[in-house]
>>> print(open('my_file30.csv').read())   # CSV, C-alpha atoms
chain,number,residue,atom,x,y,z
T,1,MET,CA,-35.8,241.6,-115.3
T,2,LYS,CA,-32.9,240.9,-113.0
T,3,ILE,CA,-31.9,237.2,-112.4
T,4,ILE,CA,-30.3,236.2,-109.1
T,5,GLU,CA,-28.8,232.7,-109.2
T,6,HIS,CA,-29.1,230.5,-106.1
T,7,TYR,CA,-31.0,233.1,-104.2
T,8,ARG,CA,-31.7,232.5,-100.5
T,9,PRO,CA,-33.1,235.4,-98.5
T,10,ARG,CA,-31.8,235.9,-95.0
T,11,PRO,CA,-33.7,234.5,-92.0
T,12,ILE,CA,-36.0,236.9,-90.1
T,13,PRO,CA,-35.3,236.6,-86.3
T,14,PRO,CA,-38.3,236.3,-84.0
T,15,GLU,CA,-37.7,239.8,-82.7
T,16,GLU,CA,-38.0,241.2,-86.2
T,17,GLN,CA,-41.2,239.4,-87.0
T,18,THR,CA,-43.3,242.5,-86.2
T,19,GLU,CA,-45.5,242.7,-89.3
T,20,LYS,CA,-48.5,240.3,-89.5
T,21,ILE,CA,-49.2,238.0,-92.4
T,22,SER,CA,-52.9,237.1,-92.9
T,23,VAL,CA,-53.5,233.7,-94.3
T,24,ALA,CA,-57.0,233.0,-95.7
T,25,VAL,CA,-57.7,229.3,-95.9
T,26,ALA,CA,-60.6,228.2,-98.0
T,27,VAL,CA,-62.2,225.1,-96.5
T,28,TYR,CA,-64.8,222.9,-98.1
T,29,ASN,CA,-65.3,219.2,-97.5
T,30,SER,CA,-61.6,218.4,-97.2
T,31,ASP,CA,-61.5,216.8,-93.7
T,32,ALA,CA,-59.0,214.1,-94.9
T,33,TYR,CA,-56.4,216.8,-95.6
T,34,LEU,CA,-57.4,219.7,-93.4
T,35,ASP,CA,-55.3,218.9,-90.3
T,36,ARG,CA,-52.1,218.7,-92.3
T,37,SER,CA,-53.0,221.9,-94.1
T,38,ILE,CA,-53.7,224.0,-91.0
T,39,GLN,CA,-50.8,222.6,-89.1
T,40,SER,CA,-48.5,223.5,-92.0
T,41,VAL,CA,-49.5,227.1,-91.5
T,42,LEU,CA,-49.3,227.1,-87.7
T,43,ASN,CA,-45.9,225.5,-87.8
T,44,GLN,CA,-44.4,228.3,-90.0
T,45,THR,CA,-41.1,229.6,-88.9
T,46,TYR,CA,-42.6,233.1,-89.3
T,47,ARG,CA,-44.8,233.2,-86.2
T,48,ASN,CA,-46.7,236.5,-86.6
T,49,LEU,CA,-49.7,235.1,-88.4
T,50,GLU,CA,-53.4,235.6,-88.6
T,51,VAL,CA,-54.9,232.3,-89.9
T,52,ILE,CA,-58.5,232.8,-91.2
T,53,LEU,CA,-60.3,229.5,-91.7
T,54,VAL,CA,-63.3,230.1,-94.0
T,55,ASP,CA,-65.7,227.1,-93.8
T,56,ASP,CA,-67.8,227.3,-97.0
T,57,GLY,CA,-70.7,225.3,-95.6
T,58,SER,CA,-68.8,222.0,-95.4
T,59,THR,CA,-71.0,218.9,-94.8
T,60,ASP,CA,-68.1,216.7,-93.4
T,61,ASN,CA,-66.0,217.1,-90.3
T,62,CYS,CA,-64.3,220.3,-91.5
T,63,PRO,CA,-66.4,222.7,-89.3
T,64,ALA,CA,-65.4,220.8,-86.1
T,65,ILE,CA,-61.7,220.7,-87.2
T,66,CYS,CA,-61.7,224.4,-87.7
T,67,ASP,CA,-63.2,225.1,-84.3
T,68,LYS,CA,-60.7,222.8,-82.7
T,69,TYR,CA,-57.8,224.9,-83.9
T,70,ALA,CA,-59.4,228.2,-82.9
T,71,LEU,CA,-59.5,226.9,-79.3
T,72,GLN,CA,-55.9,225.7,-79.5
T,73,ASP,CA,-54.2,228.7,-81.1
T,74,ALA,CA,-55.1,232.4,-80.6
T,75,ARG,CA,-53.9,233.2,-84.1
T,76,VAL,CA,-56.7,231.2,-85.6
T,77,LYS,CA,-60.1,232.8,-86.6
T,78,VAL,CA,-63.0,230.7,-88.0
T,79,ILE,CA,-65.8,232.0,-90.2
T,80,HIS,CA,-68.6,229.5,-90.9
T,81,LYS,CA,-70.7,230.6,-93.9
T,82,LYS,CA,-73.3,229.3,-96.3
T,83,ASN,CA,-71.9,227.5,-99.3
T,84,GLY,CA,-71.2,230.0,-102.0
T,85,GLY,CA,-68.1,228.8,-103.9
T,86,LEU,CA,-64.4,229.4,-103.7
T,87,TYR,CA,-64.5,233.0,-104.8
T,88,THR,CA,-66.8,233.9,-101.8
T,89,SER,CA,-64.5,232.2,-99.3
T,90,ARG,CA,-61.5,234.1,-100.6
T,91,ASN,CA,-63.4,237.4,-100.6
T,92,VAL,CA,-64.6,236.8,-97.0
T,93,GLY,CA,-61.1,235.9,-95.9
T,94,MET,CA,-59.7,239.0,-97.6
T,95,GLU,CA,-62.3,241.2,-95.9
T,96,ALA,CA,-61.5,239.7,-92.5
T,97,ALA,CA,-57.7,240.1,-92.9
T,98,THR,CA,-56.0,242.7,-90.7
T,99,GLY,CA,-52.3,241.8,-91.5
T,100,THR,CA,-49.8,243.9,-93.5
T,101,TYR,CA,-49.4,241.1,-95.9
T,102,LEU,CA,-51.9,238.6,-97.4
T,103,ALA,CA,-51.7,235.0,-98.6
T,104,PHE,CA,-54.2,232.3,-99.5
T,105,LEU,CA,-54.3,228.5,-99.1
T,106,ASP,CA,-56.7,225.8,-100.1
T,107,GLY,CA,-57.7,223.4,-97.4
T,108,ASP,CA,-56.3,220.3,-99.1
T,109,ASP,CA,-52.8,221.6,-99.8
T,110,TRP,CA,-49.9,222.3,-97.4
T,111,LEU,CA,-46.8,224.4,-97.0
T,112,ASP,CA,-43.2,223.9,-96.2
T,113,GLU,CA,-42.5,225.5,-92.8
T,114,ASN,CA,-40.2,228.2,-94.1
T,115,MET,CA,-42.4,229.4,-96.9
T,116,TYR,CA,-43.7,232.7,-95.5
T,117,GLU,CA,-40.5,233.6,-93.7
T,118,GLU,CA,-38.4,233.3,-96.9
T,119,MET,CA,-41.0,234.9,-99.1
T,120,LEU,CA,-41.5,237.9,-96.8
T,121,SER,CA,-37.7,238.2,-96.4
T,122,CYS,CA,-37.4,238.3,-100.2
T,123,LEU,CA,-40.1,240.8,-100.5
T,124,LYS,CA,-38.4,243.1,-98.0
T,125,GLU,CA,-34.9,242.6,-99.4
T,126,GLN,CA,-36.0,243.4,-103.0
T,127,ASP,CA,-38.4,246.2,-101.9
T,128,ALA,CA,-41.2,244.4,-103.8
T,129,ASP,CA,-45.0,244.5,-103.6
T,130,LEU,CA,-45.5,240.8,-104.3
T,131,VAL,CA,-43.5,237.5,-104.3
T,132,VAL,CA,-44.5,234.4,-106.2
T,133,CYS,CA,-43.0,230.9,-105.6
T,134,ARG,CA,-42.9,227.6,-107.4
T,135,TYR,CA,-44.9,224.7,-106.1
T,136,LYS,CA,-44.5,220.9,-105.9
T,137,TRP,CA,-46.8,218.6,-107.8
T,138,VAL,CA,-47.8,215.9,-105.2
T,139,TYR,CA,-49.1,212.6,-106.7
T,140,GLN,CA,-50.0,209.4,-104.9
T,141,ASP,CA,-46.7,207.8,-105.7
T,142,GLU,CA,-44.3,210.7,-106.2
T,143,THR,CA,-43.6,214.4,-105.6
T,144,VAL,CA,-42.2,216.5,-108.5
T,145,ASP,CA,-40.1,219.5,-107.7
T,146,ILE,CA,-38.1,221.1,-110.5
T,147,SER,CA,-36.9,224.2,-108.5
T,148,THR,CA,-33.7,225.9,-109.6
T,149,GLY,CA,-33.3,228.3,-106.7
T,150,LEU,CA,-33.1,231.4,-108.7
T,151,ALA,CA,-35.0,234.6,-108.2
T,152,ALA,CA,-36.2,237.0,-110.9
T,153,VAL,CA,-36.9,240.6,-109.9
T,154,MET,CA,-39.4,242.2,-112.3
T,155,GLU,CA,-40.3,245.9,-112.7
T,156,GLY,CA,-43.8,247.3,-113.4
T,157,GLN,CA,-45.8,245.0,-115.8
T,158,GLU,CA,-42.9,242.6,-116.5
T,159,MET,CA,-44.4,239.9,-114.3
T,160,LEU,CA,-47.8,240.4,-115.9
T,161,ALA,CA,-46.2,239.8,-119.3
T,162,LYS,CA,-44.3,236.8,-118.1
T,163,TYR,CA,-47.4,235.3,-116.6
T,164,LEU,CA,-49.4,235.7,-119.8
T,165,GLU,CA,-46.6,234.0,-121.8
T,166,GLU,CA,-47.2,230.8,-119.8
T,167,ASP,CA,-43.5,230.1,-119.6
T,168,GLU,CA,-43.0,227.0,-117.5
T,169,ALA,CA,-39.7,228.3,-116.3
T,170,PHE,CA,-41.7,230.9,-114.3
T,171,GLN,CA,-44.5,229.1,-112.5
T,172,ILE,CA,-46.5,232.2,-111.8
T,173,GLN,CA,-49.9,230.7,-112.7
T,174,ASN,CA,-53.4,231.9,-111.9
T,175,ALA,CA,-53.2,230.3,-108.4
T,176,ALA,CA,-53.9,232.5,-105.4
T,177,TRP,CA,-51.9,230.3,-103.0
T,178,ASN,CA,-48.3,230.6,-104.4
T,179,LYS,CA,-48.2,234.4,-103.8
T,180,LEU,CA,-47.5,236.7,-100.8
T,181,TYR,CA,-48.2,240.4,-101.2
T,182,LYS,CA,-48.8,243.7,-99.5
T,183,ARG,CA,-52.5,244.0,-98.6
T,184,SER,CA,-52.2,247.8,-99.3
T,185,ILE,CA,-52.0,247.2,-103.1
T,186,LEU,CA,-55.4,245.6,-103.3
T,187,GLY,CA,-57.7,248.7,-103.1
T,188,ASP,CA,-61.1,247.5,-104.1
T,189,LEU,CA,-59.9,244.4,-105.9
T,190,LYS,CA,-62.0,241.3,-105.2
T,191,PHE,CA,-62.3,237.8,-106.7
T,192,PRO,CA,-65.1,237.9,-109.4
T,193,PRO,CA,-68.3,235.8,-108.9
T,194,ARG,CA,-67.3,232.9,-111.2
T,195,TRP,CA,-65.4,229.7,-111.1
T,196,TYR,CA,-61.8,229.9,-112.2
T,197,GLU,CA,-61.9,233.2,-110.5
T,198,ASP,CA,-58.1,233.5,-110.3
T,199,MET,CA,-58.0,234.0,-114.1
T,200,LEU,CA,-59.3,237.5,-113.7
T,201,TYR,CA,-58.0,238.4,-110.3
T,202,THR,CA,-54.4,237.5,-111.0
T,203,PRO,CA,-53.7,239.9,-114.0
T,204,GLN,CA,-55.3,242.7,-112.1
T,205,LEU,CA,-53.2,242.0,-109.0
T,206,LEU,CA,-50.0,241.8,-111.0
T,207,ASN,CA,-50.8,245.1,-112.8
T,208,ARG,CA,-50.9,246.9,-109.4
T,209,CYS,CA,-47.3,246.0,-108.5
T,210,LYS,CA,-44.4,248.3,-109.0
T,211,ARG,CA,-42.0,245.5,-108.4
T,212,SER,CA,-42.5,241.8,-108.2
T,213,VAL,CA,-40.2,238.8,-107.5
T,214,TYR,CA,-40.5,235.2,-108.8
T,215,MET,CA,-38.7,232.7,-106.5
T,216,ASP,CA,-38.0,229.4,-108.3
T,217,THR,CA,-38.2,227.6,-105.0
T,218,ALA,CA,-41.1,225.2,-104.3
T,219,TYR,CA,-42.5,225.9,-100.9
T,220,HIS,CA,-46.1,225.0,-101.6
T,221,ASN,CA,-47.4,221.4,-102.0
T,222,TYR,CA,-50.2,221.0,-104.5
T,223,ILE,CA,-52.2,217.8,-104.5
T,224,CYS,CA,-52.8,216.6,-108.0
T,225,ASP,CA,-54.9,213.5,-107.4
T,226,ARG,CA,-58.1,214.8,-105.8
T,227,SER,CA,-60.8,213.8,-108.2
T,228,SER,CA,-63.2,216.5,-106.8
T,229,SER,CA,-60.7,219.3,-107.6
T,230,ILE,CA,-61.8,221.9,-110.2
T,231,MET,CA,-58.4,221.5,-111.9
T,232,ASN,CA,-58.7,217.7,-112.1
T,233,LYS,CA,-62.0,217.6,-114.0
T,234,GLY,CA,-62.2,217.1,-117.8
T,235,VAL,CA,-64.7,218.7,-120.1
T,236,ASN,CA,-67.5,220.2,-118.0
T,237,GLY,CA,-70.1,222.9,-118.2
T,238,ARG,CA,-68.0,225.4,-116.2
T,239,ILE,CA,-65.6,225.6,-119.1
T,240,PHE,CA,-68.4,227.2,-121.2
T,241,THR,CA,-70.1,229.3,-118.5
T,242,ASP,CA,-67.0,230.5,-116.6
T,243,LEU,CA,-63.6,229.6,-118.0
T,244,ILE,CA,-64.1,230.8,-121.6
T,245,PRO,CA,-65.9,234.0,-120.6
T,246,ASN,CA,-63.0,234.7,-118.2
T,247,LEU,CA,-60.5,234.4,-121.1
T,248,TYR,CA,-62.5,237.0,-123.1
T,249,ASP,CA,-62.8,239.3,-120.1
T,250,ARG,CA,-59.0,239.0,-119.5
T,251,SER,CA,-58.4,240.2,-123.1
T,252,ALA,CA,-60.7,243.1,-122.6
T,253,TYR,CA,-59.0,244.0,-119.4
T,254,LEU,CA,-55.6,244.1,-121.0
T,255,ARG,CA,-56.9,246.3,-123.8
T,256,ALA,CA,-58.5,248.6,-121.2
T,257,ILE,CA,-55.1,249.2,-119.5
T,258,GLY,CA,-53.5,250.0,-122.9
T,259,ARG,CA,-51.6,246.7,-123.4
T,260,GLU,CA,-52.8,245.7,-126.9
T,261,ASP,CA,-49.6,243.6,-127.2
T,262,LEU,CA,-50.5,241.5,-124.2
T,263,ALA,CA,-54.1,241.3,-125.3
T,264,LEU,CA,-53.0,239.7,-128.6
T,265,LEU,CA,-50.8,237.3,-126.6
T,266,GLN,CA,-53.8,236.4,-124.5
T,267,ASP,CA,-55.9,236.0,-127.6
T,268,TYR,CA,-53.3,233.6,-129.1
T,269,PHE,CA,-53.7,231.3,-126.1
T,270,LEU,CA,-57.4,231.8,-126.1
T,271,TYR,CA,-57.8,230.4,-129.7
T,272,LYS,CA,-55.3,227.6,-128.9
T,273,ARG,CA,-57.6,226.6,-126.0
T,274,LEU,CA,-60.8,226.9,-128.0
T,275,LEU,CA,-59.4,224.5,-130.6
T,276,LEU,CA,-58.2,222.2,-127.9
T,277,PHE,CA,-61.6,222.3,-126.1
T,278,TYR,CA,-63.3,221.6,-129.5
T,279,THR,CA,-61.2,218.4,-129.9
T,280,GLN,CA,-61.9,217.3,-126.3
T,281,VAL,CA,-65.6,217.8,-126.7
T,282,VAL,CA,-65.7,215.9,-130.0
T,283,ARG,CA,-64.0,212.9,-128.4
T,284,SER,CA,-65.9,213.0,-125.1
T,285,ASP,CA,-69.1,211.5,-123.8
T,286,ASP,CA,-70.3,215.0,-123.0
T,287,PRO,CA,-74.2,214.9,-122.9
T,288,ASP,CA,-74.3,218.4,-124.3
T,289,LYS,CA,-71.8,217.7,-127.0
T,290,ARG,CA,-73.8,219.2,-129.8
T,291,ALA,CA,-74.4,222.5,-128.0
T,292,HIS,CA,-70.8,222.8,-126.8
T,293,LYS,CA,-69.5,222.1,-130.3
T,294,ALA,CA,-71.7,224.8,-131.7
T,295,PHE,CA,-70.6,227.2,-129.0
T,296,LEU,CA,-66.9,226.6,-129.6
T,297,GLN,CA,-67.3,226.7,-133.4
T,298,GLU,CA,-69.1,230.1,-133.1
T,299,LYS,CA,-66.3,231.5,-130.9
T,300,ILE,CA,-63.5,230.2,-133.2
T,301,VAL,CA,-65.2,231.5,-136.4
T,302,GLY,CA,-65.9,234.8,-134.6
T,303,GLY,CA,-62.1,235.3,-134.2
T,304,SER,CA,-61.4,234.8,-137.9
T,305,LYS,CA,-61.1,238.5,-138.7
T,306,LYS,CA,-58.3,239.1,-136.3
T,307,ALA,CA,-56.7,235.7,-136.6
T,308,GLY,CA,-54.0,237.0,-138.9
T,309,GLU,CA,-52.9,239.6,-136.4
T,310,VAL,CA,-53.1,237.3,-133.4
T,311,PHE,CA,-51.1,234.5,-135.0
T,312,SER,CA,-48.5,236.9,-136.4
T,313,ILE,CA,-47.1,237.9,-133.0
T,314,PRO,CA,-43.5,236.9,-132.5
T,315,PHE,CA,-44.5,234.4,-129.7
T,316,ALA,CA,-46.9,232.4,-132.0
T,317,ASN,CA,-46.2,229.0,-133.3
T,318,PRO,CA,-46.9,228.8,-137.1
T,319,ASN,CA,-48.4,225.3,-136.6
T,320,GLU,CA,-51.2,226.8,-134.5
T,321,TYR,CA,-52.2,229.2,-137.3
T,322,ARG,CA,-52.3,226.3,-139.7
T,323,LYS,CA,-54.7,224.5,-137.3
T,324,MET,CA,-56.8,227.7,-137.1
T,325,LYS,CA,-57.0,228.1,-140.8
T,326,LEU,CA,-57.9,224.4,-141.4
T,327,PHE,CA,-60.7,224.7,-138.9
T,328,LEU,CA,-62.0,227.9,-140.5
T,329,ALA,CA,-62.0,226.1,-143.9
T,330,SER,CA,-63.7,222.9,-142.6
T,331,PRO,CA,-64.3,221.8,-139.0
T,332,LEU,CA,-64.7,218.2,-140.3
T,333,LEU,CA,-61.2,218.3,-142.0
T,334,TYR,CA,-59.8,219.7,-138.8
T,335,ARG,CA,-61.2,216.8,-136.8
T,336,VAL,CA,-59.8,214.3,-139.2
T,337,ALA,CA,-56.4,216.0,-139.2
T,338,MET,CA,-56.2,216.0,-135.4
T,339,ARG,CA,-57.2,212.4,-135.2
T,340,LEU,CA,-54.5,211.4,-137.7
T,341,ASN,CA,-52.0,213.6,-135.9
T,342,ASP,CA,-52.7,212.1,-132.5
T,343,THR,CA,-53.0,208.5,-133.7
T,344,PHE,CA,-50.1,208.3,-136.1
T,345,LEU,CA,-47.8,211.3,-136.4
T,346,ILE,CA,-47.2,211.9,-132.7
T,347,PRO,CA,-46.3,208.2,-131.9
T,348,VAL,CA,-43.9,208.2,-134.9
T,349,LYS,CA,-42.2,211.4,-133.6
T,350,VAL,CA,-41.9,209.9,-130.1
T,351,ARG,CA,-40.3,206.7,-131.5
T,352,LEU,CA,-37.9,208.7,-133.7
T,353,ALA,CA,-36.9,210.9,-130.8
T,354,GLY,CA,-36.3,207.8,-128.7
T,355,ARG,CA,-34.0,206.3,-131.3
T,356,SER,CA,-32.1,209.6,-131.6
T,357,ASP,CA,-31.6,209.7,-127.9
T,358,ALA,CA,-30.5,206.1,-127.9
T,359,ARG,CA,-27.8,206.8,-130.6
T,360,LYS,CA,-26.6,209.8,-128.6
T,361,GLY,CA,-26.3,207.6,-125.5
>>> encode(input="my_file30.csv", output="structure tokens")
Amino acid sequence: MKIIEHYRPRPIPPEEQTEKISVAVAVYNSDAYLDRSIQSVLNQTYRNLEVILVDDGSTDNCPAICDKYALQDARVKVIHKKNGGLYTSRNVGMEAATGTYLAFLDGDDWLDENMYEEMLSCLKEQDADLVVCRYKWVYQDETVDISTGLAAVMEGQEMLAKYLEEDEAFQIQNAAWNKLYKRSILGDLKFPPRWYEDMLYTPQLLNRCKRSVYMDTAYHNYICDRSSSIMNKGVNGRIFTDLIPNLYDRSAYLRAIGREDLALLQDYFLYKRLLLFYTQVVRSDDPDKRAHKAFLQEKIVGGSKKAGEVFSIPFANPNEYRKMKLFLASPLLYRVAMRLNDTFLIPVKVRLAGRSDARKG
């Protein structure tokens, strides 16, 4: 991996904007945000765009808003379809795309006006297949942007590995919308027919890249406050029918491409999440609490045979293995220990850390 400090790609003059970027915008019941979202694409400094608005059977004013923009700007195409979920909207948008490059956007977020110009310029300068950018967290009362401005150029499966490490310094994430890439690398790759579809699509996409670049510049604005967002929901049935199966399938994919090391890394985060979900379910008002507890307990116990190997990888935190072993010994003792930890130990650590910082000040 090569790090470039304070990286800023050169502007692309209008006469050099000869290659088209297809932007597939997934639209569903987001009429309060949709104008801003579409305008942020149309106002990009890179003008050679194909904007594909995929209306997934919206029941609000979104269909009319989409049609309005198709009449105003020849770069806009609208596809109205029966509601089928986000993965269907993305696949439909991908199939309709004719550009050399492909990007995605959700109809409630928006972009800084220089996003696609600078990401495409970076892709060309670094001879890459894919560029990923950081994004801003947009709350009702503040916007959080921790960009550093660096760029990291990664060869082969380096970005796949960094993505699986979940290192916050590299905000690669599952998200489809913070990436720009050559449409030619896709082949037959599609979003799978599940919720949390990015979790399976992204590792397959990254594995197809000979060179990738991470730009630690936040061009994308992600709204964190929408209560209807998948990402803003707590314990729900989709975790058990879609998210957890995706995690197991991701491990299987990594083994299928011969990366047992990355599969073990993925398994490490899998078991951490299973334990976390178990605690959340126990403390929730989940109407299916008994069934979900049993489901999670079966999955955790099912991983006991390879737990030693998984938690012995260099990346692993020894505390996580202690949690796993305590659960395997007694789920009841695990629940008691987590309650004590969250109620007493963590507040004490926070107070002690605060006193230490005060003394240093």
>>> closest_residue(input="my_file30.csv", among="T:Asp288, T:Asp127, T:Asp35, T:Glu142", to="Gly107 of chain T", atoms="all atoms listed in the file")
T:Asp35
>>> residues_around(input="my_file30.csv", residues="Arg36 of chain T", least_positions_apart="3", cutoff="9 Å", atoms="all atoms listed in the file", output="ChimeraX atom specification")
/T:32-33,39-41,107-110
>>> residues_near_point(input="my_file30.csv", point="(-42.0, 237.5, -101.6)", cutoff="12 Å", atoms="all atoms listed in the file", output="ChimeraX atom specification")
/T:8-9,21,101-103,115-134,151-154,178-182,211-217,219
>>> closest_residue(input="my_file30.csv", among="T:Asn91, T:Ser304, T:Asn221, T:Asn174", to="Lys190 of chain T", atoms="all atoms listed in the file")
T:Asn91
>>> atom_distance(input="my_file30.csv", atom1="atom CA of Asp73 of chain T", atom2="atom CA of Ile223 of chain T")
25.9 Å
>>> residues_around(input="my_file30.csv", residues="Ala70 of chain T", least_positions_apart="6", cutoff="10 Å", atoms="all atoms listed in the file", output="PyMOL selection string")
chain T and resi 51-53+76-78
>>> write_last_selection(input="my_file30.csv", atoms="C-alpha atoms", output="compact mmCIF listing (two decimals), keeping the file's coordinate frame")
# COMPACT_ATOMS: atom_id res chain seq x y z
CA VAL T 51 -54.90 232.30 -89.90
CA ILE T 52 -58.50 232.80 -91.20
CA LEU T 53 -60.30 229.50 -91.70
CA VAL T 76 -56.70 231.20 -85.60
CA LYS T 77 -60.10 232.80 -86.60
CA VAL T 78 -63.00 230.70 -88.00
>>> atom_distance(input="my_file30.csv", atom1="atom CA of Ser251 of chain T", atom2="atom CA of Asp267 of chain T")
6.6 Å
>>> residues_near_point(input="my_file30.csv", point="(-58.7, 232.8, -120.6)", cutoff="9 Å", atoms="only C-alpha atoms", output="list in words")
Met199, Leu200, Leu243, Ile244, Pro245, Asn246, Leu247, Tyr248, Asp249, Arg250, Ser251, Gln266, Asp267, Phe269, Leu270 and Arg273 of chain T
>>> write_last_selection(input="my_file30.csv", atoms="C-alpha atoms", output="compact mmCIF listing (two decimals), keeping the file's coordinate frame")
# COMPACT_ATOMS: atom_id res chain seq x y z
CA MET T 199 -58.00 234.00 -114.10
CA LEU T 200 -59.30 237.50 -113.70
CA LEU T 243 -63.60 229.60 -118.00
CA ILE T 244 -64.10 230.80 -121.60
CA PRO T 245 -65.90 234.00 -120.60
CA ASN T 246 -63.00 234.70 -118.20
CA LEU T 247 -60.50 234.40 -121.10
CA TYR T 248 -62.50 237.00 -123.10
CA ASP T 249 -62.80 239.30 -120.10
CA ARG T 250 -59.00 239.00 -119.50
CA SER T 251 -58.40 240.20 -123.10
CA GLN T 266 -53.80 236.40 -124.50
CA ASP T 267 -55.90 236.00 -127.60
CA PHE T 269 -53.70 231.30 -126.10
CA LEU T 270 -57.40 231.80 -126.10
CA ARG T 273 -57.60 226.60 -126.00
>>> residues_around(input="my_file30.csv", residues="segment 201-205 of chain T", least_positions_apart="5", cutoff="9 Å", atoms="only C-alpha atoms", output="MDAnalysis selection string")
chainID T and resid 160 163:164 173:176 185:186 189:192 250 253:254
>>> residues_around(input="my_file30.csv", residues="segment 56-58 of chain T", least_positions_apart="6", cutoff="9 Å", atoms="all atoms listed in the file", output="PDB file with C-alpha atoms, in the frame of the given file")
ATOM      1  CA  ALA T  26     -60.600 228.200 -98.000  1.00  0.00           C
ATOM      2  CA  VAL T  27     -62.200 225.100 -96.500  1.00  0.00           C
ATOM      3  CA  TYR T  28     -64.800 222.900 -98.100  1.00  0.00           C
ATOM      4  CA  ASN T  29     -65.300 219.200 -97.500  1.00  0.00           C
ATOM      5  CA  SER T  30     -61.600 218.400 -97.200  1.00  0.00           C
ATOM      6  CA  ILE T  79     -65.800 232.000 -90.200  1.00  0.00           C
ATOM      7  CA  HIS T  80     -68.600 229.500 -90.900  1.00  0.00           C
ATOM      8  CA  LYS T  81     -70.700 230.600 -93.900  1.00  0.00           C
ATOM      9  CA  LYS T  82     -73.300 229.300 -96.300  1.00  0.00           C
ATOM     10  CA  ASN T  83     -71.900 227.500 -99.300  1.00  0.00           C
ATOM     11  CA  GLY T  84     -71.200 230.000-102.000  1.00  0.00           C
ATOM     12  CA  GLY T  85     -68.100 228.800-103.900  1.00  0.00           C
ATOM     13  CA  LEU T  86     -64.400 229.400-103.700  1.00  0.00           C
ATOM     14  CA  THR T  88     -66.800 233.900-101.800  1.00  0.00           C
ATOM     15  CA  SER T  89     -64.500 232.200 -99.300  1.00  0.00           C
TER      16      SER T  89
END
>>> closest_residue(input="my_file30.csv", among="T:Thr59, T:Thr279, T:Ser22, T:Thr241", to="Arg90 of chain T", atoms="only C-alpha atoms")
T:Ser22
>>> atom_distance(input="my_file30.csv", atom1="atom CA of Leu265 of chain T", atom2="atom CA of Glu168 of chain T")
15.8 Å
>>> closest_residue(input="my_file30.csv", among="T:Met324, T:Phe295, T:Arg283, T:Leu264", to="Ile239 of chain T", atoms="all atoms listed in the file")
T:Phe295
>>> closest_residue(input="my_file30.csv", among="T:Ala316, T:Val282, T:Ala307, T:Lys293", to="Arg335 of chain T", atoms="only C-alpha atoms")
T:Val282
>>> closest_residue(input="my_file30.csv", among="T:Glu298, T:Pro318, T:Gln280, T:Arg183", to="Arg339 of chain T", atoms="only C-alpha atoms")
T:Gln280
>>> residues_around(input="my_file30.csv", residues="Tyr321 of chain T", least_positions_apart="2", cutoff="10 Å", atoms="all atoms listed in the file", output="PyMOL selection string")
chain T and resi 268+271-272+307-308+310-312+316-319+323-327
